[in-house]
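K.L.:
Provided herewith: start.txt, compact mmCIF, C-alpha atoms.
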# COMPACT_ATOMS: atom_id res chain seq x y z
CA MET A 1 141.22 72.47 132.92
CA SER A 2 140.65 69.37 135.00
CA SER A 3 139.06 66.24 133.59
CA THR A 4 135.89 64.76 134.95
CA PRO A 5 136.81 62.21 137.59
CA GLY A 6 136.15 58.69 136.45
CA GLY A 7 134.98 59.78 133.02
CA GLY A 8 138.03 58.37 131.24
CA ASN A 9 137.88 55.20 133.30
CA LEU A 10 134.30 54.32 132.43
CA PHE A 11 134.37 55.13 128.75
CA GLY A 12 138.03 54.56 127.91
CA GLY A 13 139.84 51.53 126.58
CA PHE A 14 137.30 50.50 123.93
CA SER A 15 138.85 49.17 120.72
CA ARG A 16 138.24 50.74 117.34
CA LEU A 17 136.40 47.60 116.27
CA CYS A 18 133.93 47.83 119.17
CA LYS A 19 133.47 51.55 118.57
CA GLY A 20 132.88 50.92 114.87
CA LEU A 21 130.26 48.25 115.60
CA ALA A 22 128.62 50.60 118.11
CA VAL A 23 128.38 53.24 115.38
CA VAL A 24 126.75 50.67 113.08
CA LEU A 25 124.12 49.83 115.72
CA PHE A 26 123.46 53.50 116.43
CA ALA A 27 123.22 54.33 112.72
CA GLY A 28 120.78 51.46 112.14
CA HIS A 29 118.52 52.77 114.90
CA VAL A 30 118.66 56.32 113.54
CA ILE A 31 117.78 55.11 110.03
CA LEU A 32 114.65 53.43 111.40
CA GLN A 33 113.62 56.61 113.19
CA ILE A 34 114.01 58.69 110.02
CA PHE A 35 112.75 56.08 107.56
CA PRO A 36 110.40 53.67 109.41
CA SER A 37 109.67 51.81 106.18
CA ALA A 38 113.30 50.65 106.14
CA LEU A 39 112.28 48.06 108.75
CA ASN A 40 110.60 46.06 105.98
CA TYR A 41 113.94 45.64 104.21
CA LEU A 42 116.45 45.43 107.08
CA ALA A 43 114.65 43.42 109.79
CA LEU A 44 114.04 39.69 109.60
CA ILE A 45 110.46 39.25 108.38
CA PRO A 46 110.12 35.53 107.57
CA ALA A 47 107.50 36.05 104.85
CA LYS A 48 109.85 38.48 103.07
CA THR A 49 113.18 36.72 103.63
CA ILE A 50 112.68 35.29 100.16
CA PRO A 51 113.64 37.26 98.09
CA PHE A 52 115.04 39.71 100.72
CA GLY A 53 117.66 37.21 101.88
CA TRP A 54 120.04 39.93 103.04
CA ASN A 55 117.85 40.54 106.09
CA LEU A 56 119.41 37.42 107.64
CA LEU A 57 122.57 39.53 107.90
CA THR A 58 121.21 43.03 108.46
CA ALA A 59 118.60 42.15 111.11
CA GLY A 60 121.21 41.72 113.83
CA TYR A 61 122.47 45.28 113.46
CA VAL A 62 119.11 47.09 113.47
CA GLU A 63 117.68 48.06 116.86
CA GLN A 64 113.98 48.92 116.86
CA THR A 65 113.81 50.37 120.39
CA THR A 66 115.96 52.89 122.23
CA TYR A 67 116.04 50.55 125.24
CA GLY A 68 117.37 47.69 123.12
CA LEU A 69 119.96 49.99 121.56
CA PHE A 70 121.18 51.16 124.97
CA VAL A 71 121.45 47.65 126.47
CA ASN A 72 123.22 46.18 123.44
CA LEU A 73 125.63 49.12 123.10
CA ILE A 74 126.63 48.71 126.75
CA GLY A 75 127.03 44.94 126.27
CA LEU A 76 129.06 45.34 123.07
CA LEU A 77 131.45 47.93 124.48
CA PHE A 78 132.06 46.48 127.93
CA MET A 79 132.00 42.76 127.13
CA GLY A 80 133.96 43.43 123.94
CA LYS A 81 136.50 45.30 126.05
CA LEU A 82 137.17 42.05 127.88
CA LEU A 83 136.71 39.47 125.12
CA GLU A 84 138.47 41.06 122.14
CA PRO A 85 141.98 41.25 123.71
CA ILE A 86 141.76 37.54 124.59
CA TRP A 87 140.26 36.26 121.34
CA GLY A 88 141.92 38.72 118.99
CA SER A 89 140.11 41.20 116.73
CA LYS A 90 139.78 38.76 113.81
CA GLU A 91 138.29 35.97 115.92
CA PHE A 92 136.07 38.46 117.76
CA LEU A 93 134.63 39.67 114.45
CA LYS A 94 134.20 36.10 113.16
CA PHE A 95 132.29 35.20 116.32
CA ILE A 96 129.91 38.16 115.87
CA PHE A 97 129.33 37.36 112.19
CA ALA A 98 128.74 33.63 112.78
CA VAL A 99 126.44 34.03 115.78
CA ASN A 100 124.43 36.80 114.11
CA LEU A 101 123.93 34.93 110.82
CA LEU A 102 123.18 31.51 112.32
CA THR A 103 120.84 32.99 114.92
CA SER A 104 118.85 34.70 112.16
CA ILE A 105 118.67 31.47 110.16
CA PHE A 106 117.35 29.47 113.12
CA VAL A 107 114.86 32.19 114.06
CA PHE A 108 113.61 32.13 110.46
CA ILE A 109 113.20 28.33 110.57
CA THR A 110 111.43 28.56 113.94
CA ALA A 111 108.99 31.19 112.67
CA ILE A 112 108.14 29.11 109.60
CA ALA A 113 107.63 26.01 111.76
CA LEU A 114 105.38 27.89 114.19
CA TYR A 115 103.31 29.19 111.30
CA TYR A 116 102.69 25.69 109.92
CA ILE A 117 101.90 24.38 113.40
CA THR A 118 99.51 27.17 114.41
CA MET A 119 98.57 28.67 111.01
CA GLN A 120 98.88 32.14 112.58
CA GLU A 121 100.28 34.66 110.11
CA ASN A 122 101.78 36.91 112.78
CA TYR A 123 104.74 34.50 112.95
CA LEU A 124 105.45 35.29 109.31
CA TYR A 125 105.12 39.07 109.47
CA MET A 126 106.53 40.01 112.86
CA PRO A 127 109.78 41.96 112.28
CA VAL A 128 112.65 40.50 114.31
CA SER A 129 115.88 42.45 114.67
CA GLY A 130 118.52 43.51 117.16
CA PHE A 131 121.91 42.57 118.56
CA ASN A 132 120.33 40.29 121.17
CA GLY A 133 121.74 37.06 119.76
CA VAL A 134 125.32 38.30 119.80
CA PHE A 135 124.76 39.82 123.25
CA ALA A 136 123.73 36.36 124.49
CA GLY A 137 126.79 34.87 122.77
CA PHE A 138 129.02 37.37 124.55
CA LEU A 139 127.63 36.21 127.90
CA VAL A 140 128.68 32.67 126.96
CA GLY A 141 132.16 34.02 126.21
CA ILE A 142 132.28 35.64 129.65
CA LYS A 143 131.19 32.31 131.16
CA GLN A 144 134.09 30.62 129.37
CA ILE A 145 136.98 32.93 130.27
CA ILE A 146 136.10 34.06 133.82
CA PRO A 147 133.55 31.51 135.10
CA ASP A 148 134.41 31.92 138.78
CA GLN A 149 134.59 35.71 138.80
CA GLU A 150 131.92 36.92 141.24
CA LEU A 151 129.88 39.91 140.16
CA SER A 152 129.48 42.21 143.15
CA ILE A 153 126.23 43.75 141.89
CA LEU A 154 124.35 40.48 141.29
CA ARG A 155 126.22 38.41 143.87
CA ILE A 156 126.59 35.51 141.43
CA LYS A 157 129.47 34.01 139.48
CA ALA A 158 129.96 34.96 135.84
CA LYS A 159 129.32 31.38 134.69
CA TRP A 160 125.63 31.77 135.53
CA LEU A 161 125.06 34.93 133.47
CA PRO A 162 123.74 33.17 130.31
CA SER A 163 121.46 30.91 132.34
CA LEU A 164 120.12 33.81 134.41
CA MET A 165 119.48 35.87 131.29
CA LEU A 166 117.52 33.03 129.65
CA LEU A 167 115.54 32.32 132.82
CA ILE A 168 114.46 35.96 133.20
CA SER A 169 113.65 36.26 129.48
CA THR A 170 111.54 33.09 129.57
CA ILE A 171 109.58 34.30 132.60
CA VAL A 172 109.00 37.70 130.97
CA SER A 173 107.82 36.01 127.76
CA PHE A 174 104.78 34.58 129.58
CA PHE A 175 103.56 38.14 130.14
CA THR A 176 104.43 39.36 126.63
CA LEU A 177 103.28 36.43 124.50
CA GLU A 178 102.58 38.52 121.41
CA SER A 179 106.08 39.99 121.24
CA ALA A 180 107.99 37.04 122.70
CA LEU A 181 109.00 35.83 119.24
CA ALA A 182 110.82 39.11 118.69
CA TYR A 183 113.41 38.41 121.39
CA LEU A 184 113.18 35.00 123.11
CA PRO A 185 114.21 32.74 120.16
CA THR A 186 117.01 35.19 119.36
CA LEU A 187 118.38 34.96 122.89
CA ILE A 188 118.03 31.16 123.05
CA PHE A 189 119.69 30.54 119.68
CA GLY A 190 122.34 33.20 120.33
CA THR A 191 123.29 31.44 123.56
CA TYR A 192 123.35 27.96 122.01
CA ILE A 193 125.18 28.97 118.83
CA GLY A 194 127.67 31.00 120.86
CA TRP A 195 128.38 27.90 122.92
CA ILE A 196 128.63 25.67 119.82
CA TYR A 197 131.14 28.06 118.25
CA LEU A 198 133.31 28.35 121.35
CA ARG A 199 133.01 24.65 122.21
CA PHE A 200 133.82 23.18 118.81
CA LEU A 201 134.86 25.77 116.23
CA GLN A 202 136.91 28.63 117.67
CA ARG A 203 140.54 28.34 116.65
CA LYS A 204 143.16 28.97 119.32
CA PRO A 205 146.38 30.29 117.71
CA GLU A 206 148.58 29.42 120.69
CA SER A 207 147.79 25.68 120.45
CA LYS A 208 146.47 25.38 116.86
CA LEU A 209 143.46 23.54 118.26
CA ARG A 210 139.77 24.20 117.90
CA GLY A 211 137.18 24.58 120.59
CA ASP A 212 137.09 24.11 124.34
CA PRO A 213 136.43 20.46 125.32
CA SER A 214 136.85 21.06 129.07
CA ASP A 215 134.23 19.64 131.42
CA ASP A 216 133.79 23.10 132.95
CA PHE A 217 132.36 24.31 129.63
CA ALA A 218 130.08 21.36 128.89
CA PHE A 219 126.49 22.07 127.87
CA SER A 220 125.19 20.76 131.20
CA THR A 221 127.05 23.54 133.06
CA PHE A 222 124.29 25.92 131.98
CA PHE A 223 121.97 24.01 134.33
CA PRO A 224 121.91 23.44 138.12
CA ASP A 225 123.80 20.42 139.44
CA PHE A 226 120.70 18.34 140.17
CA VAL A 227 119.58 18.54 136.51
CA ARG A 228 122.92 17.63 134.93
CA PRO A 229 122.55 13.81 135.19
CA VAL A 230 119.52 14.18 132.89
CA ILE A 231 121.09 16.75 130.56
CA ASP A 232 124.44 14.98 130.01
CA PRO A 233 123.08 11.86 128.20
CA ILE A 234 120.91 14.02 125.93
CA ALA A 235 123.80 16.37 125.17
CA SER A 236 126.09 13.44 124.40
CA ILE A 237 123.63 12.17 121.77
CA PHE A 238 123.68 15.50 119.94
CA HIS A 239 127.44 15.65 120.37
CA ARG A 240 127.91 12.28 118.65
CA MET A 241 125.47 13.25 115.89
CA CYS A 242 127.25 16.53 115.16
CA CYS A 243 130.86 15.58 115.86
CA GLY A 244 131.07 11.80 115.52
CA LYS A 245 132.90 11.84 112.19
CA ARG A 246 135.20 14.53 113.42
CA GLU A 247 136.24 12.56 116.48
CA ASN A 248 137.14 9.51 114.37
CA GLY A 249 139.53 11.60 112.28
CA THR A 250 143.22 12.31 112.68
CA ASP A 251 143.49 15.84 113.99
CA ALA A 252 141.90 17.24 110.85
CA ASN A 253 140.59 20.18 112.81
CA GLY A 254 142.87 19.90 115.82
CA TYR A 255 140.20 19.06 118.35
CA VAL A 256 140.46 15.37 119.20
CA LEU A 257 142.26 12.26 118.03
CA GLY A 258 140.45 8.94 118.11
CA GLY A 259 137.74 10.31 120.40
CA THR A 260 140.25 11.42 123.06
CA PRO A 261 141.12 15.08 123.62
CA LEU A 262 144.65 15.87 122.51
CA PRO A 263 147.21 16.65 125.20
CA GLY A 264 146.76 20.17 126.44
CA SER A 265 143.38 20.62 124.77
CA ASP A 266 141.23 19.90 127.81
CA SER A 267 141.76 21.05 131.39
CA ILE A 268 145.19 22.64 130.87
CA ASP A 269 144.05 24.68 127.90
CA ALA A 270 140.86 25.73 129.69
CA SER A 271 142.87 26.75 132.74
CA ARG A 272 145.13 28.89 130.59
CA ARG A 273 142.12 30.57 129.03
CA ARG A 274 140.62 31.34 132.43
CA GLU A 275 143.97 32.65 133.64
CA ARG A 276 144.20 34.95 130.63
CA GLY A 277 140.68 36.18 131.26
CA ALA A 278 141.34 36.82 134.94
CA ARG A 279 144.66 38.50 134.11
CA ALA A 280 143.03 40.73 131.51
CA LEU A 281 140.35 41.73 134.00
CA GLU A 282 142.94 42.46 136.70
CA GLU A 283 145.05 44.51 134.29
CA ARG A 284 142.07 46.62 133.29
CA LEU A 285 141.06 47.19 136.91
CA ALA A 286 144.66 48.12 137.78
CA ALA A 287 144.87 50.52 134.83
CA GLU A 288 141.62 52.18 135.84
CA SER A 289 142.82 52.51 139.45
CA ALA A 290 146.07 54.06 138.22
CA ARG A 291 144.16 56.55 136.07
CA ASN A 292 142.01 57.43 139.08
CA VAL A 293 145.13 58.18 141.13
CA ASP A 294 146.68 60.24 138.33
CA GLU A 295 143.52 62.28 137.83
CA SER A 296 143.23 62.88 141.58
CA GLN A 297 146.83 64.11 141.72
CA VAL A 298 146.29 66.41 138.73
CA ASP A 299 143.12 67.86 140.28
CA ALA A 300 144.88 68.34 143.60
CA SER A 301 147.84 70.13 142.00
CA GLU A 302 145.52 72.39 139.98
CA ASN A 303 143.50 73.26 143.08
CA VAL A 304 146.73 74.26 144.85
Can the structure from this file be put into structure tokens for me?

P.N.:
Amino acid sequence: MSSTPGGGNLFGGFSRLCKGLAVVLFAGHVILQIFPSALNYLALIPAKTIPFGWNLLTAGYVEQTTYGLFVNLIGLLFMGKLLEPIWGSKEFLKFIFAVNLLTSIFVFITAIALYYITMQENYLYMPVSGFNGVFAGFLVGIKQIIPDQELSILRIKAKWLPSLMLLISTIVSFFTLESALAYLPTLIFGTYIGWIYLRFLQRKPESKLRGDPSDDFAFSTFFPDFVRPVIDPIASIFHRMCCGKRENGTDANGYVLGGTPLPGSDSIDASRRRERGARALEERLAAESARNVDESQVDASENV
């Protein structure tokens, strides 16, 4: 019996971790369809976060809509297929956990602040959930490892994916003001926290350093060239506020020494990361091409 051409190529090669997380997302959606009241306990509802503090963790794995489930499953499986081999399963899981939790915390703070500013209770009781924050963080990871890879469908380079996603989401939010809180802050914070984690916190086993201090991954690279002279000074202020003590240390976290990037931690290390990303992408494309050839030969021999 011949296999379906291309079927193994499209849906093969996913790790057990990605498949397991996909099952969690699917199960969370099914639970909401069977028990709609579960949304009150699993989604992030700012007015109920105290005492239901666990919703800061569970909200990221509960999809309310079938459309959101489909998009995030595709993003998890296919972006995870590229990112996990480069980061490692442990670091991949840490990234998901950190981005999900911190995104929920900042969305909670934002909702409370908006309530006190506007005194509108819908900010307190709107259920926010979904894998959107981690999805946005994954796009930042793609930007980091294969920034110059051109996407044939969109005709843009991978480094612009997070910026394009935020631009489209912001434009859409003007036409969906009532539900914008359910997705826009999650995407914004997911993108920023994903960048913070990869820029300053992610540990690289091969060099025992943390983060990616290369200029190609600076915060201003999310913006067009003509805006960067304005963004860079602002970003440097926040950088000194958040990392000033760290930069005056003595390689406590392996990022810098005396305010200067350690040898190999800047452009060389970033180049190696991009090379690994490009190599991983090429290997996967080559493997899929080889499987295509093998399947074609098997089908041909069976037809004979």

K.L.:
Return the single residue from A:Gln144, A:Ser163, A:Thr176, A:Gln202 that is closest to Phe217 of chain A, with distances computed using all atoms listed in the file.

P.N.:
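So, comparing all the options, the nearest one is A:Gln144.
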
K.L.:
Excluding Gly68 of chain A and its own-chain neighbours fewer than 2 positions away, which residues fall within 12 Å of it when counting all atoms listed in the file? Please give them as a PyMOL selection string.

P.N.:
chain A and resi 25-26+29+60-66+70-76+129-133+135+182-183

K.L.:
Go through A:Met126, A:Leu201, A:Ala38, A:Leu57 and flag the residue nearest Leu102 of chain A, using all atoms listed in the file for the distances.

P.N.:
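Once distances to Leu102 of chain A are computed over all atoms listed in the file, the minimum belongs to A:Leu57.
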
K.L.:
Could you tell me how far atom CA of Glu84 of chain A lies from atom CA of Pro185 of chain A, in Å and to one decimal?

P.N.:
25.7 Å

K.L.:
Take atom CA of Met79 of chain A and atom CA of Thr170 of chain A and report the distance between them in Å, one decimal.

P.N.:
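Going from atom CA of Met79 of chain A over to atom CA of Thr170 of chain A, I get 22.8 Å.
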
K.L.:
By how many Å are atom CA of Gly28 of chain A and atom CA of Tyr197 of chain A apart?

P.N.:
26.3 Å

K.L.:
Tell me which of A:Trp160, A:Ser37, A:Thr186, A:Leu181 sits closest to Asp148 of chain A, counting all atoms listed in the file.

P.N.:
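Ranked by minimum distance to Asp148 of chain A, first place goes to A:Trp160.
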
K.L.:
From the set A:Leu32, A:Ile145, A:Val227, A:Leu184, which residue has the shortest atom-to-atom contact distance to Val172 of chain A, counting only C-alpha atoms?

P.N.:
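Smallest distance to Val172 of chain A is found for A:Leu184.
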
K.L.:
Write out as a compact mmCIF listing (two decimals) with C-alpha atoms, in the frame of the given file each polymer residue whose atoms come within 9 Å of Ala59 of chain A, counting only C-alpha atoms; drop sequence neighbours fewer than 6 positions from it.

P.N.:
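In the end it all went to around.txt:
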# COMPACT_ATOMS: atom_id res chain seq x y z
CA LEU A 39 112.28 48.06 108.75
CA LEU A 42 116.45 45.43 107.08
CA ALA A 43 114.65 43.42 109.79
CA LEU A 44 114.04 39.69 109.60
CA ASN A 100 124.43 36.80 114.11
CA LEU A 101 123.93 34.93 110.82
CA SER A 104 118.85 34.70 112.16
CA PRO A 127 109.78 41.96 112.28
CA VAL A 128 112.65 40.50 114.31
CA SER A 129 115.88 42.45 114.67
CA GLY A 130 118.52 43.51 117.16
CA PHE A 131 121.91 42.57 118.56

K.L.:
For Asp215 of chain A, which residue out of A:Gly53, A:Leu166, A:Thr103, A:Arg199 is the nearest one, using all atoms listed in the file?

P.N.:
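Among the listed residues, A:Arg199 lies closest to Asp215 of chain A.
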